[in-house]
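The structure file entry-v7.txt is reproduced below (compact mmCIF, C-alpha atoms (C1' of nucleotides)).
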```
# COMPACT_ATOMS: atom_id res chain seq x y z
CA MET A 1 12.03 20.62 6.28
CA GLY A 2 8.75 22.00 5.22
CA ARG A 3 8.41 20.87 1.69
CA TRP A 4 5.66 18.67 2.96
CA GLN A 5 3.59 19.18 6.09
CA PRO A 6 5.91 19.00 9.09
CA ASP A 7 6.03 16.27 11.73
CA ALA A 8 4.83 13.33 9.69
CA ARG A 9 5.61 10.97 12.56
CA GLY A 10 3.57 12.98 15.03
CA ARG A 11 0.62 13.17 12.66
CA LEU A 12 0.71 9.43 12.18
CA GLN A 13 0.81 8.86 15.93
CA GLU A 14 -2.08 11.20 16.52
CA ALA A 15 -4.17 9.65 13.75
CA ALA A 16 -3.43 6.14 14.99
CA LEU A 17 -4.30 6.97 18.59
CA THR A 18 -7.55 8.55 17.50
CA LEU A 19 -8.61 5.76 15.18
CA TYR A 20 -7.55 2.94 17.50
CA GLY A 21 -9.56 4.65 20.20
CA GLU A 22 -12.65 5.19 18.07
CA ARG A 23 -13.00 1.93 16.21
CA GLY A 24 -10.46 -0.31 17.87
CA PHE A 25 -7.07 -1.55 16.77
CA ASP A 26 -8.40 -4.40 14.65
CA ASN A 27 -10.90 -2.30 12.79
CA THR A 28 -8.34 0.25 11.76
CA THR A 29 -6.15 -0.29 8.72
CA VAL A 30 -2.76 1.24 8.24
CA ALA A 31 -4.02 2.78 5.01
CA GLU A 32 -6.69 4.63 6.99
CA ILE A 33 -4.21 5.96 9.51
CA ALA A 34 -1.96 7.16 6.74
CA GLU A 35 -4.84 8.77 4.93
CA HIS A 36 -5.86 10.66 8.09
CA ALA A 37 -2.32 11.95 8.33
CA GLY A 38 -2.28 12.91 4.67
CA LEU A 39 0.26 10.23 3.83
CA THR A 40 0.34 6.75 2.33
CA LYS A 41 0.60 3.31 3.81
CA ARG A 42 4.17 2.99 2.54
CA THR A 43 5.21 6.08 4.43
CA PHE A 44 3.64 4.81 7.63
CA PHE A 45 5.97 1.84 7.48
CA ARG A 46 8.93 4.12 6.94
CA TYR A 47 8.28 5.67 10.36
CA PHE A 48 7.05 2.65 12.27
CA ALA A 49 8.15 -0.94 11.89
CA ASP A 50 4.61 -2.20 12.19
CA LYS A 51 1.06 -1.26 13.01
CA ARG A 52 1.61 -1.64 16.76
CA GLU A 53 4.83 0.23 17.10
CA VAL A 54 3.13 3.58 16.57
CA LEU A 55 1.85 3.31 20.15
CA PHE A 56 5.26 2.60 21.63
CA TRP A 57 7.46 5.32 20.26
CA GLY A 58 8.00 6.74 23.75
CA SER A 59 9.43 3.59 25.24
CA ALA A 60 13.00 4.45 24.29
CA VAL A 61 12.73 7.67 26.28
CA LEU A 62 11.45 5.80 29.29
CA GLU A 63 14.26 3.31 29.02
CA GLU A 64 16.81 6.05 28.91
CA LEU A 65 15.27 7.70 31.94
CA PHE A 66 15.46 4.50 33.92
CA VAL A 67 19.05 3.85 32.99
CA THR A 68 20.09 7.40 33.79
CA GLU A 69 18.42 7.35 37.17
CA VAL A 70 19.81 3.99 38.17
CA SER A 71 23.28 5.10 37.21
CA ALA A 72 22.88 8.37 39.05
CA ALA A 73 21.94 6.80 42.37
CA PRO A 74 24.56 7.17 45.10
CA GLU A 75 27.14 4.46 45.08
CA SER A 76 26.18 3.44 48.58
CA ALA A 77 22.57 2.74 47.60
CA ALA A 78 21.44 -0.88 47.61
CA PRO A 79 20.37 -2.23 44.21
CA LEU A 80 16.70 -2.10 44.98
CA ASP A 81 17.03 1.44 46.32
CA ALA A 82 18.78 2.61 43.18
CA VAL A 83 15.97 1.18 41.15
CA ALA A 84 13.36 2.68 43.44
CA ALA A 85 14.79 6.10 42.68
CA ALA A 86 14.32 5.43 39.01
CA LEU A 87 10.73 4.40 39.62
CA ASP A 88 10.13 7.71 41.33
CA ALA A 89 11.52 9.64 38.41
CA ALA A 90 9.40 7.67 35.97
CA ALA A 91 6.34 8.28 38.11
CA ALA A 92 6.91 12.02 37.93
CA MET A 93 7.12 11.83 34.16
CA PHE A 94 3.85 9.95 33.87
CA GLU A 95 2.09 12.15 36.38
CA GLU A 96 2.26 14.98 33.84
CA ARG A 97 0.78 12.82 31.11
CA ARG A 98 -1.98 11.08 32.93
CA GLU A 99 -4.61 11.83 30.29
CA PHE A 100 -2.53 10.49 27.47
CA ALA A 101 -1.37 7.50 29.46
CA ALA A 102 -4.92 6.48 30.31
CA ARG A 103 -6.12 6.90 26.75
CA ARG A 104 -3.25 4.82 25.42
CA ARG A 105 -3.73 2.26 28.12
CA ARG A 106 -7.38 1.63 27.28
CA ILE A 107 -6.42 0.92 23.71
CA ILE A 108 -3.74 -1.54 24.73
CA ALA A 109 -5.94 -3.23 27.31
CA ALA A 110 -8.50 -3.95 24.61
CA ASN A 111 -6.12 -5.87 22.37
CA PRO A 112 -3.88 -8.87 23.04
CA GLU A 113 -1.47 -8.08 20.22
CA LEU A 114 -0.81 -4.72 21.78
CA GLN A 115 -0.36 -6.29 25.18
CA GLU A 116 2.27 -8.56 23.71
CA ARG A 117 4.14 -5.57 22.39
CA GLU A 118 3.85 -3.83 25.73
CA LEU A 119 5.23 -6.84 27.53
CA ILE A 120 8.26 -7.09 25.30
CA LYS A 121 8.93 -3.39 25.76
CA LEU A 122 8.81 -3.85 29.50
CA ALA A 123 11.12 -6.84 29.19
CA SER A 124 13.52 -4.71 27.22
CA LEU A 125 13.26 -2.06 29.90
CA ALA A 126 14.04 -4.63 32.57
CA GLY A 127 17.03 -5.76 30.54
CA ALA A 128 18.36 -2.23 30.33
CA VAL A 129 17.90 -1.71 34.05
CA ALA A 130 19.68 -4.99 34.77
CA GLU A 131 22.55 -3.85 32.60
CA ALA A 132 22.73 -0.56 34.49
CA LEU A 133 22.83 -2.48 37.75
CA ARG A 134 25.65 -4.65 36.47
CA ARG A 135 27.60 -1.51 35.75
CA ARG A 136 27.09 -0.68 39.41
CA GLY A 137 28.74 -3.94 40.31
CA VAL A 138 25.66 -6.03 40.99
CA ASP A 139 26.16 -9.62 39.94
CA ASP A 140 23.97 -11.40 37.56
CA PRO A 141 21.17 -13.33 39.04
CA ALA A 142 20.65 -10.46 41.47
CA ALA A 143 20.77 -7.79 38.78
CA ILE A 144 18.14 -9.45 36.65
CA LEU A 145 15.91 -10.27 39.59
CA THR A 146 16.10 -6.75 40.97
CA ALA A 147 15.34 -5.23 37.60
CA GLU A 148 12.44 -7.55 36.96
CA ALA A 149 11.05 -6.95 40.41
CA ALA A 150 11.22 -3.22 39.88
CA ILE A 151 9.42 -3.39 36.56
CA THR A 152 6.76 -5.60 38.08
CA VAL A 153 6.25 -3.12 40.91
CA PHE A 154 6.00 -0.35 38.37
CA ARG A 155 3.52 -2.24 36.22
CA VAL A 156 1.27 -3.17 39.09
CA ALA A 157 1.27 0.35 40.48
CA PHE A 158 0.75 1.87 37.05
CA GLU A 159 -2.31 -0.25 36.38
CA ARG A 160 -3.85 0.72 39.68
CA TRP A 161 -3.03 4.34 38.97
CA VAL A 162 -4.75 4.62 35.60
CA ASP A 163 -7.75 2.58 36.66
CA GLN A 164 -8.47 4.30 39.94
CA ALA A 165 -11.27 6.77 40.49
CA ASP A 166 -9.57 8.81 43.22
CA HIS A 167 -6.35 10.39 42.06
CA GLN A 168 -3.70 8.94 44.27
CA PRO A 169 -0.29 9.91 42.96
CA LEU A 170 1.59 7.23 41.10
CA GLN A 171 4.60 7.69 43.34
CA ARG A 172 2.55 6.71 46.34
CA LEU A 173 1.17 3.62 44.65
CA ILE A 174 4.65 2.60 43.62
CA GLY A 175 5.87 2.98 47.17
CA GLU A 176 3.02 0.84 48.43
CA SER A 177 3.63 -1.85 45.84
CA LEU A 178 7.29 -1.95 46.69
CA GLU A 179 6.46 -2.35 50.36
CA GLN A 180 4.05 -5.14 49.52
CA LEU A 181 6.70 -6.93 47.54
CA ARG A 182 9.10 -6.63 50.44
CA ALA A 183 6.50 -7.99 52.82
CA VAL A 184 5.65 -10.88 50.56
CA THR A 185 9.24 -11.97 50.02
CA ALA A 186 10.32 -11.54 53.62
CA HIS A 187 11.48 -14.70 55.34
CA ARG A 188 9.12 -16.31 57.88
CA MET B 1 -10.78 -41.14 13.54
CA GLY B 2 -8.84 -42.93 10.88
CA ARG B 3 -10.33 -41.56 7.74
CA TRP B 4 -7.31 -39.34 7.49
CA GLN B 5 -3.92 -39.84 9.07
CA PRO B 6 -4.29 -39.56 12.83
CA ASP B 7 -3.04 -36.76 15.07
CA ALA B 8 -3.12 -33.90 12.64
CA ARG B 9 -2.30 -31.47 15.43
CA GLY B 10 0.77 -33.41 16.52
CA ARG B 11 2.02 -33.69 12.95
CA LEU B 12 1.66 -29.96 12.48
CA GLN B 13 3.55 -29.29 15.70
CA GLU B 14 6.34 -31.63 14.75
CA ALA B 15 6.64 -30.17 11.26
CA ALA B 16 6.64 -26.63 12.61
CA LEU B 17 9.28 -27.35 15.23
CA THR B 18 11.49 -28.98 12.63
CA LEU B 19 11.14 -26.28 10.02
CA TYR B 20 11.42 -23.39 12.47
CA GLY B 21 14.57 -25.03 13.74
CA GLU B 22 16.08 -25.65 10.33
CA ARG B 23 15.37 -22.45 8.48
CA GLY B 24 14.07 -20.15 11.18
CA PHE B 25 10.60 -18.92 11.99
CA ASP B 26 10.59 -16.12 9.42
CA ASN B 27 11.76 -18.30 6.57
CA THR B 28 9.04 -20.85 7.11
CA THR B 29 5.58 -20.37 5.65
CA VAL B 30 2.46 -21.89 7.07
CA ALA B 31 1.84 -23.54 3.72
CA GLU B 32 5.16 -25.34 4.05
CA ILE B 33 4.38 -26.59 7.53
CA ALA B 34 1.02 -27.86 6.39
CA GLU B 35 2.54 -29.54 3.38
CA HIS B 36 5.08 -31.32 5.57
CA ALA B 37 2.22 -32.60 7.69
CA GLY B 38 0.26 -33.66 4.63
CA LEU B 39 -2.36 -30.99 5.18
CA THR B 40 -3.27 -27.56 3.86
CA LYS B 41 -2.76 -24.07 5.16
CA ARG B 42 -6.43 -23.77 5.95
CA THR B 43 -6.29 -26.81 8.19
CA PHE B 44 -3.28 -25.46 10.06
CA PHE B 45 -5.36 -22.47 11.08
CA ARG B 46 -8.13 -24.76 12.25
CA TYR B 47 -5.78 -26.20 14.85
CA PHE B 48 -3.75 -23.13 15.73
CA ALA B 49 -4.92 -19.56 15.90
CA ASP B 50 -1.76 -18.30 14.26
CA LYS B 51 1.70 -19.27 13.11
CA ARG B 52 3.21 -18.74 16.56
CA GLU B 53 0.67 -20.59 18.60
CA VAL B 54 1.86 -23.96 17.34
CA LEU B 55 4.84 -23.60 19.69
CA PHE B 56 2.72 -22.81 22.73
CA TRP B 57 0.16 -25.56 22.81
CA GLY B 58 1.53 -26.87 26.11
CA SER B 59 1.09 -23.66 28.04
CA ALA B 60 -2.42 -24.54 29.15
CA VAL B 61 -1.12 -27.69 30.80
CA LEU B 62 1.55 -25.74 32.62
CA GLU B 63 -1.01 -23.22 33.80
CA GLU B 64 -3.21 -25.97 35.13
CA LEU B 65 -0.27 -27.54 36.94
CA PHE B 66 0.59 -24.26 38.63
CA VAL B 67 -2.96 -23.61 39.72
CA THR B 68 -3.40 -27.13 41.05
CA GLU B 69 -0.20 -26.99 43.05
CA VAL B 70 -0.87 -23.60 44.52
CA SER B 71 -4.32 -24.69 45.57
CA ALA B 72 -2.97 -27.92 47.04
CA ALA B 73 -0.44 -26.24 49.31
CA PRO B 74 -1.24 -26.52 53.03
CA GLU B 75 -3.45 -23.78 54.30
CA SER B 76 -0.76 -22.68 56.71
CA ALA B 77 1.77 -22.05 53.94
CA ALA B 78 2.71 -18.44 53.26
CA PRO B 79 1.79 -17.19 49.75
CA LEU B 80 5.34 -17.35 48.48
CA ASP B 81 5.79 -20.84 49.89
CA ALA B 82 2.65 -22.09 48.20
CA VAL B 83 3.94 -20.74 44.94
CA ALA B 84 7.39 -22.19 45.54
CA ALA B 85 5.79 -25.63 45.77
CA ALA B 86 4.24 -25.05 42.36
CA LEU B 87 7.61 -24.04 40.97
CA ASP B 88 9.05 -27.31 42.20
CA ALA B 89 6.34 -29.31 40.52
CA ALA B 90 6.82 -27.44 37.27
CA ALA B 91 10.55 -28.00 37.48
CA ALA B 92 10.02 -31.74 37.74
CA MET B 93 7.85 -31.68 34.65
CA PHE B 94 10.45 -29.81 32.61
CA GLU B 95 13.29 -31.97 33.87
CA GLU B 96 11.82 -34.87 31.90
CA ARG B 97 11.61 -32.81 28.72
CA ARG B 98 14.92 -31.04 28.77
CA GLU B 99 15.74 -31.89 25.16
CA PHE B 100 12.47 -30.62 23.81
CA ALA B 101 12.52 -27.54 26.04
CA ALA B 102 15.97 -26.53 24.84
CA ARG B 103 15.11 -27.06 21.20
CA ARG B 104 11.98 -25.01 21.52
CA ARG B 105 13.80 -22.37 23.48
CA ARG B 106 16.44 -21.79 20.83
CA ILE B 107 13.74 -21.18 18.28
CA ILE B 108 11.98 -18.67 20.50
CA ALA B 109 15.20 -16.93 21.48
CA ALA B 110 15.91 -16.29 17.82
CA ASN B 111 12.70 -14.42 17.12
CA PRO B 112 11.13 -11.37 18.79
CA GLU B 113 7.60 -12.23 17.70
CA LEU B 114 7.91 -15.55 19.45
CA GLN B 115 9.31 -13.86 22.53
CA GLU B 116 6.27 -11.64 22.61
CA ARG B 117 4.01 -14.64 22.56
CA GLU B 118 6.04 -16.30 25.28
CA LEU B 119 5.79 -13.22 27.45
CA ILE B 120 2.04 -13.02 27.18
CA LYS B 121 1.75 -16.70 28.02
CA LEU B 122 3.83 -16.12 31.12
CA ALA B 123 1.68 -13.12 31.98
CA SER B 124 -1.39 -15.28 31.65
CA LEU B 125 0.27 -17.85 33.87
CA ALA B 126 0.99 -15.20 36.47
CA GLY B 127 -2.63 -14.10 36.29
CA ALA B 128 -3.83 -17.63 36.92
CA VAL B 129 -1.47 -18.04 39.86
CA ALA B 130 -2.63 -14.73 41.31
CA GLU B 131 -6.22 -15.91 41.04
CA ALA B 132 -5.32 -19.15 42.82
CA LEU B 133 -3.70 -17.11 45.58
CA ARG B 134 -6.79 -14.97 45.92
CA ARG B 135 -8.81 -18.13 46.46
CA ARG B 136 -6.42 -18.85 49.32
CA GLY B 137 -7.38 -15.54 50.87
CA VAL B 138 -4.41 -13.46 49.72
CA ASP B 139 -5.43 -9.89 49.00
CA ASP B 140 -4.83 -8.20 45.76
CA PRO B 141 -1.69 -6.24 45.48
CA ALA B 142 0.06 -9.05 47.36
CA ALA B 143 -1.46 -11.80 45.23
CA ILE B 144 -0.36 -10.23 41.97
CA LEU B 145 3.08 -9.36 43.24
CA THR B 146 3.67 -12.82 44.63
CA ALA B 147 2.54 -14.45 41.42
CA GLU B 148 4.65 -12.17 39.26
CA ALA B 149 7.67 -12.67 41.47
CA ALA B 150 7.27 -16.42 41.23
CA ILE B 151 7.03 -16.37 37.45
CA THR B 152 10.08 -14.13 37.27
CA VAL B 153 12.03 -16.53 39.45
CA PHE B 154 10.92 -19.39 37.27
CA ARG B 155 11.87 -17.58 34.08
CA VAL B 156 15.31 -16.57 35.28
CA ALA B 157 16.06 -20.05 36.55
CA PHE B 158 14.69 -21.66 33.43
CA GLU B 159 16.91 -19.62 31.19
CA ARG B 160 19.98 -20.48 33.19
CA TRP B 161 18.93 -24.12 33.12
CA VAL B 162 18.62 -24.51 29.36
CA ASP B 163 21.71 -22.46 28.64
CA GLN B 164 24.08 -24.08 31.09
CA ALA B 165 26.78 -26.57 30.14
CA ASP B 166 26.79 -28.49 33.41
CA HIS B 167 23.46 -30.09 34.19
CA GLN B 168 22.36 -28.57 37.43
CA PRO B 169 18.77 -29.54 38.13
CA LEU B 170 16.16 -26.91 37.46
CA GLN B 171 14.80 -27.27 40.96
CA ARG B 172 18.11 -26.24 42.41
CA LEU B 173 18.37 -23.21 40.16
CA ILE B 174 14.86 -22.19 41.10
CA GLY B 175 15.72 -22.45 44.77
CA GLU B 176 18.78 -20.30 44.26
CA SER B 177 16.88 -17.68 42.31
CA LEU B 178 14.23 -17.52 44.97
CA GLU B 179 16.86 -17.01 47.63
CA GLN B 180 18.44 -14.27 45.54
CA LEU B 181 15.13 -12.52 45.22
CA ARG B 182 14.62 -12.71 48.96
CA ALA B 183 18.08 -11.31 49.56
CA VAL B 184 17.57 -8.49 47.11
CA THR B 185 14.24 -7.38 48.52
CA ALA B 186 15.23 -7.71 52.17
CA HIS B 187 15.07 -4.52 54.16
CA ARG B 188 18.39 -2.93 55.10
C1' DG C 1 18.84 31.95 -12.84
C1' DA C 2 19.97 27.25 -14.43
C1' DT C 3 21.58 23.00 -12.65
C1' DG C 4 22.20 19.22 -9.76
C1' DT C 5 21.82 16.58 -5.50
C1' DG C 6 19.48 14.34 -1.82
C1' DG C 7 16.05 13.08 1.34
C1' DA C 8 11.16 12.36 1.81
C1' DT C 9 7.22 10.69 -0.42
C1' DG C 10 4.10 8.17 -3.78
C1' DA C 11 2.98 4.34 -6.88
C1' DC C 12 2.85 -0.31 -7.66
C1' DA C 13 3.60 -5.02 -7.49
C1' DC C 14 4.29 -8.84 -4.61
C1' DT C 15 4.45 -12.28 -0.62
C1' DT C 16 2.36 -14.02 3.31
C1' DG C 17 -0.71 -14.42 7.39
C1' DG C 18 -5.21 -15.08 8.34
C1' DT C 19 -10.47 -15.70 7.38
C1' DG C 20 -15.06 -16.74 5.23
C1' DT C 21 -17.48 -19.95 2.57
C1' DC C 22 -18.72 -23.81 0.18
C1' DA C 23 -17.71 -28.38 -1.66
C1' DT C 24 -16.18 -33.01 -0.69
C1' DC C 25 -15.35 -37.22 1.41
C1' DA C 26 -15.52 -41.14 4.33
C1' DC C 27 -17.43 -42.98 8.36
C1' DG C 28 -21.22 -44.49 11.51
C1' DC C 29 -26.06 -44.92 12.18
C1' DT C 30 -30.62 -46.24 10.86
C1' DA D 1 -29.10 -47.75 0.49
C1' DG D 2 -29.59 -43.36 2.39
C1' DC D 3 -28.42 -39.77 5.82
C1' DG D 4 -26.01 -36.89 8.80
C1' DT D 5 -21.67 -35.30 10.58
C1' DG D 6 -17.17 -33.78 11.32
C1' DA D 7 -12.72 -33.12 9.24
C1' DT D 8 -10.55 -31.56 5.26
C1' DG D 9 -9.68 -29.17 0.69
C1' DA D 10 -10.43 -25.44 -2.67
C1' DC D 11 -10.84 -20.89 -3.55
C1' DA D 12 -11.42 -16.13 -3.07
C1' DC D 13 -10.39 -12.36 -0.43
C1' DC D 14 -8.43 -8.72 2.87
C1' DA D 15 -4.77 -6.53 5.23
C1' DA D 16 0.14 -6.32 6.92
C1' DG D 17 4.48 -5.61 5.44
C1' DT D 18 8.45 -5.11 1.82
C1' DG D 19 11.22 -4.13 -2.44
C1' DT D 20 11.82 -1.04 -6.08
C1' DC D 21 11.57 2.74 -8.85
C1' DA D 22 9.70 7.24 -10.00
C1' DT D 23 8.79 11.89 -8.41
C1' DC D 24 9.13 16.12 -6.19
C1' DC D 25 11.00 20.13 -4.18
C1' DA D 26 14.25 22.52 -0.91
C1' DC D 27 18.82 23.73 -0.94
C1' DA D 28 23.55 24.42 -2.37
C1' DT D 29 26.45 25.43 -6.17
C1' DC D 30 27.97 27.44 -10.20
```
Rewrite the coordinates I just gave you, this time as structure tokens.
Amino acid sequence: MGRWQPDARGRLQEAALTLYGERGFDNTTVAEIAEHAGLTKRTFFRYFADKREVLFWGSAVLEELFVTEVSAAPESAAPLDAVAAALDAAAAMFEERREFAARRRRIIAANPELQERELIKLASLAGAVAEALRRRGVDDPAAILTAEAAITVFRVAFERWVDQADHQPLQRLIGESLEQLRAVTAHR
Amino acid sequence: MGRWQPDARGRLQEAALTLYGERGFDNTTVAEIAEHAGLTKRTFFRYFADKREVLFWGSAVLEELFVTEVSAAPESAAPLDAVAAALDAAAAMFEERREFAARRRRIIAANPELQERELIKLASLAGAVAEALRRRGVDDPAAILTAEAAITVFRVAFERWVDQADHQPLQRLIGESLEQLRAVTAHR
DNA sequence: GATGTGGATGACACTTGGTGTCATCACGCT
DNA sequence: AGCGTGATGACACCAAGTGTCATCCACATC
């Protein structure tokens, strides 16, 4: 490794993030991103399936984290509690990358195509969590509903977190959102 | 009206649904759809913003239905109950179009791009429901969470409904999903 | 040190989605 | 008859994405 400049993927990601941020997703061509990274359009598509995917490379890591944490929860834990533990772990991971997360989030918020991609990544995440719950013995409508609820809680809390002026920790916002959900779905 | 064949939009929708169903979304070009409808590619894009949107023309109607129903719920109804009434109304609407819904659903299930579009439509729907709840005096984290939970319940029930062999009514499946969600989020 | 192999990249042509622009056509109105 | 108008067609164009082949250079092997 080293015949060419190293870390082609990372350079492409960096260039894309910069250009999307400066001129917007629509006003950036793949050829421009590649050029900034010292590569060609064709090579961009060897690393990323499409122009949007360059912003979502990390989602596999997040998915793995969620699945690991759900699986690692004590056997006695209720489904929602197992998932809550995973949310905590994810929160810790994002807390260290707040700058990056906010930058990336602004880009996505400005473009519907990117929001679509984000939504399907979250859906995939929910699917993986549901599968992890099933392996814990949770049956199917419950597994899906728990997973989806957890992702919704995460999403709502995350949006508040990146948008807020005061720096409340993400973990706290997640806890609040989860409580809200419980209150809202409580009988009577 | 009448200078050209009437209902250009409807013809395009019908042609698209047929072709997407026969050869798949990817293996259908916009030019082909337009040709089947006796029109040109350019005209297709005058009626639909993109190749996917032709399958989602009805989503505005659904959104309106949800908003109307939520707003019409008795003032005394809890947020989740107001939304549950809307789910019932939506279920009734789909029950009359089961054939079409299933056909359309198979097409979407076979293609990630279409799933992305579906997800953002559902997100938009959730946003509209949340706004309707806010107008009922529900505050913000609760409004969003209630709306998202309702859409999730609807989605889960809907998928079971179109996939099932026995014809349980959608309303019933929605009720069950809602109960499951309540059970899963209950304290202790 | 020559040779060969393989993985990463470039070059290039091509299809298709999507858009801007102008021409055309038939209808209703005056 | 002439005019305006809204829907459509024709055409050119850009950018995303893909298939294919050539190229290049690190590395192992002889």
Between atom CA of B:Gln115 and atom CA of B:Leu17, what is the distance, to one decimal in Å?
15.3 Å
Chain D near stretch 18-42 of chain A within 10 Å: what's each residue's closest atom pair and its distance in Å to one decimal, counting all atoms listed in the file, ordered by chain then ascending residue number, as CSV?
```
residue,atom,partner,partner_atom,distance
D:DA15,C1',A:Thr29,CA,7.3
D:DA16,C1',A:Val30,CA,8.2
D:DG17,C1',A:Arg42,CA,9.1
D:DT18,C1',A:Arg42,CA,9.2
```
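Atom pair atom C1' of D:DC21 / atom C1' of C:DG10: separated by 10.5 Å.
The space separating atom CA of A:Glu95 from atom CA of A:Leu133 comes to 25.4 Å.
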Residue nearest A:Leu62 - candidates A:Ala16, A:Ala78, A:Ala8, A:Leu122, atoms counted: all atoms listed in the file:
A:Leu122
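Closest approach to chain A among C:DT21, C:DT15, C:DT9, C:DC29 is made by C:DT9 (distances from all atoms listed in the file).
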Could you please tell me, as an NGL selection string, which residues of chain B have an atom within 8 Å of chain A when using only C-alpha atoms?
:B and (79-80 or 115-117 or 119-120 or 141-142 or 144-146 or 148-149 or 152-153 or 156 or 177 or 180-182 or 184-187)
Quick one: which chain C residues come within 10 Å of chain B, and what is the nearest atom pair for each with the distance in Å to one decimal, counting all atoms listed in the file, rows ordered by chain and ascending number, as a Markdown table?
```
| residue | atom | partner | partner_atom | distance |
| --- | --- | --- | --- | --- |
| C:DT16 | C1' | B:Thr29 | CA | 7.5 |
| C:DG17 | C1' | B:Lys51 | CA | 7.9 |
| C:DG18 | C1' | B:Asp50 | CA | 7.6 |
| C:DT19 | C1' | B:Arg42 | CA | 9.1 |
| C:DC25 | C1' | B:Arg3 | CA | 9.2 |
| C:DA26 | C1' | B:Arg3 | CA | 6.2 |
| C:DC27 | C1' | B:Arg3 | CA | 7.3 |
```
Near B:Ala89, counting only C-alpha atoms (C1' of nucleotides), which residues have an atom at most 12 Å away, once you skip same-chain residues fewer than 4 positions from it, shown as a list in words?
Leu62, Glu63, Glu64, Leu65, Phe66, Val67, Thr68, Glu69, Val70, Ala72, Ala73, Ala82, Val83, Ala84, Ala85, Met93, Phe94, Glu95, Glu96, Phe154, Leu170, Gln171 and Ile174 of chain B
Mind checking which residues fall within 12 Å of D:DA28, counting all atoms listed in the file, ignoring those fewer than 6 positions away in the same chain, and posting them as a PDB file with C-alpha atoms (C1' of nucleotides), keeping the file's coordinate frame?
```
ATOM      1  C1'  DT C   3      21.580  23.000 -12.650  1.00  0.00           C
ATOM      2  C1'  DG C   4      22.200  19.220  -9.760  1.00  0.00           C
ATOM      3  C1'  DT C   5      21.820  16.580  -5.500  1.00  0.00           C
ATOM      4  C1'  DG C   6      19.480  14.340  -1.820  1.00  0.00           C
TER       5       DG C   6
END
```
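With distances restricted to all atoms listed in the file, A:Arg52 is the closest residue to chain D from A:Arg52, A:Pro169, A:Ala91, A:Val61.
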With chain B as the partner and 9 Å as the cut-off, tabulate the residues of chain D that qualify, each row holding the nearest pair of atoms and their distance in Å to one decimal, using all atoms listed in the file, sorted by chain and rising number, as a Markdown table.
```
| residue | atom | partner | partner_atom | distance |
| --- | --- | --- | --- | --- |
| D:DA7 | C1' | B:Trp4 | CA | 8.4 |
| D:DT8 | C1' | B:Thr43 | CA | 7.0 |
| D:DG9 | C1' | B:Thr40 | CA | 7.3 |
```
Padding of 4 Å on every side, edges along x, y and z, all listed atoms of stretch 15-30 of chain C included: what centre and edge lengths in Å, to one decimal, does that box have, as lines of an AutoDock Vina configuration file?
```
center_x = -13.1
center_y = -29.3
center_z = 5.3
size_x = 43.1
size_y = 42.0
size_z = 21.8
```
